[in-house]
Amino acid sequence: MTEQTLAIIKPDAVKKDAIGDIISRYEKAGLKPVAVRMMRMSKSVAEGFYAVHRQRPFFDSLTTFMASGPVVVLVLEGKDAVKRNRELMGATDPAKAAPGTIRAAHGTNIEFNAVHGSDSAESARVEINYFFSSMELGV
Ligand code: CMP
């Protein structure tokens with residue numbers, strides 16, 4: 001089924017000049033960028049985005065990291081986009097990510113893990129609407 005997912009190229013990957021490589025991996029996997037923005041999140045925007053993790057011990061450090069530099073936020077569209085993107089990214093912890101995945105190639109540790117991808121169609125809907133207006137989404 002054709003669906004959309006939200007991806008973020010995180011500050012660590014942007015700093016490493018990995019934007020081009022990562023977007024190319026999405027395209028080669030049949031995940032078409034249909035909306036893209038480079039931005040710097042404020043701490044409060046990062047806190048809103050990761051609100052479901054508010055009670056986790058890593059919440060403050062995760063949101064500080066996400067606000068530490070520019071990111072690229074994308075809506076990717078393709079067949080089974082949520083699942084496909086999670087396969088492409090690999091496990092949350094780059095040390096456990098399969099060879100050939102984005103996190104294995106560009107992640108440093110479980111926190112500085114290069115990319116984010118929505119974990120379900122429902123989170124994708126919420127996350128896409130968090131960052132993009134209907135005009136940017138062409139709807
Ligand atoms: P992401 O896919 O963006 O979703 C939540 C993020 O929290 C995750 O990637 C990691 O960057 C971070 N995260 C998850 N688990 C941990 C952990 N145990 N310690 C630190 N950061 C974590």
# chains A, B, ... in the order shown; residues from 1 in each chain; ligands from 1
$ residues_near_ligand --ligand "ligand 1" --cutoff "6 Å" --atoms "only C-alpha atoms and all ligand atoms" --output "list of chain:residue names"
A:Phe58, A:Leu62, A:Thr92, A:Ile110, A:Glu111, A:Phe112, A:Asn113, A:His116, A:Gly117
$ select_by_dssp --residues "segment 17-119 of chain A" --states "alpha helix (DSSP H)" --output "ChimeraX atom specification"
/A:19-28,43-49,59-66,81-89,102-106
$ residues_around --residues "segment 13-27 of chain A" --least-positions-apart "5" --cutoff "8 Å" --atoms "only C-alpha atoms" --output "ChimeraX atom specification"
/A:32-33,70-72,76,85,88,102,106-107,114-115
$ write_last_selection --atoms "C-alpha atoms" --output "PDB file, in the first residue's frame"
ATOM      1  CA  LYS A  32      10.223   9.423  -2.787  1.00  0.00           C
ATOM      2  CA  PRO A  33      10.731  12.695  -0.906  1.00  0.00           C
ATOM      3  CA  PRO A  70      20.321  21.877  11.664  1.00  0.00           C
ATOM      4  CA  VAL A  71      18.254  18.840  10.645  1.00  0.00           C
ATOM      5  CA  VAL A  72      16.511  17.822   7.433  1.00  0.00           C
ATOM      6  CA  LEU A  76       8.762  10.018   2.184  1.00  0.00           C
ATOM      7  CA  ASN A  85      12.077   3.128   6.048  1.00  0.00           C
ATOM      8  CA  LEU A  88      16.535   1.016   5.712  1.00  0.00           C
ATOM      9  CA  ILE A 102      21.719   3.952   7.475  1.00  0.00           C
ATOM     10  CA  HIS A 106      26.260   6.888   9.948  1.00  0.00           C
ATOM     11  CA  GLY A 107      25.115   6.405  13.563  1.00  0.00           C
ATOM     12  CA  ALA A 114      21.700   9.684  12.422  1.00  0.00           C
ATOM     13  CA  VAL A 115      18.028   9.374  11.467  1.00  0.00           C
TER      14      VAL A 115
END
$ closest_residue --among "A:Arg103, A:Lys79, A:Arg40, A:Arg84" --to "Pro11 of chain A" --atoms "only C-alpha atoms"
A:Arg40
$ residues_around --residues "segment 119-121 of chain A" --least-positions-apart "6" --cutoff "9 Å" --atoms "only C-alpha atoms" --output "list of chain:residue names"
A:Glu3, A:Gln4, A:Thr5, A:Ala81, A:Val82, A:Lys83, A:Arg86
$ select_by_dssp --residues "chain A" --states "strand (DSSP E)" --output "VMD selection string"
chain A and resid 2 to 9 32 to 39 71 to 79 115 to 117
$ residues_around --residues "Thr101 of chain A" --least-positions-apart "4" --cutoff "8 Å" --atoms "only C-alpha atoms" --output "VMD selection string"
chain A and resid 87 to 90 97 105
$ residues_around --residues "Ala51 of chain A" --least-positions-apart "5" --cutoff "12 Å" --atoms "only C-alpha atoms" --output "ChimeraX atom specification"
/A:43-46,56,59-60,62-63,123,126-127,130
$ atom_distance --atom1 "atom CA of Val75 of chain A" --atom2 "atom CA of Thr2 of chain A"
12.8 Å
$ closest_residue --among "A:Val73, A:Thr64, A:Pro99, A:Ala35" --to "Met135 of chain A" --atoms "only C-alpha atoms"
A:Ala35
$ closest_residue --among "A:Ile9, A:Val139, A:Ser133, A:Ile128" --to "Phe49 of chain A" --atoms "only C-alpha atoms"
A:Ile128
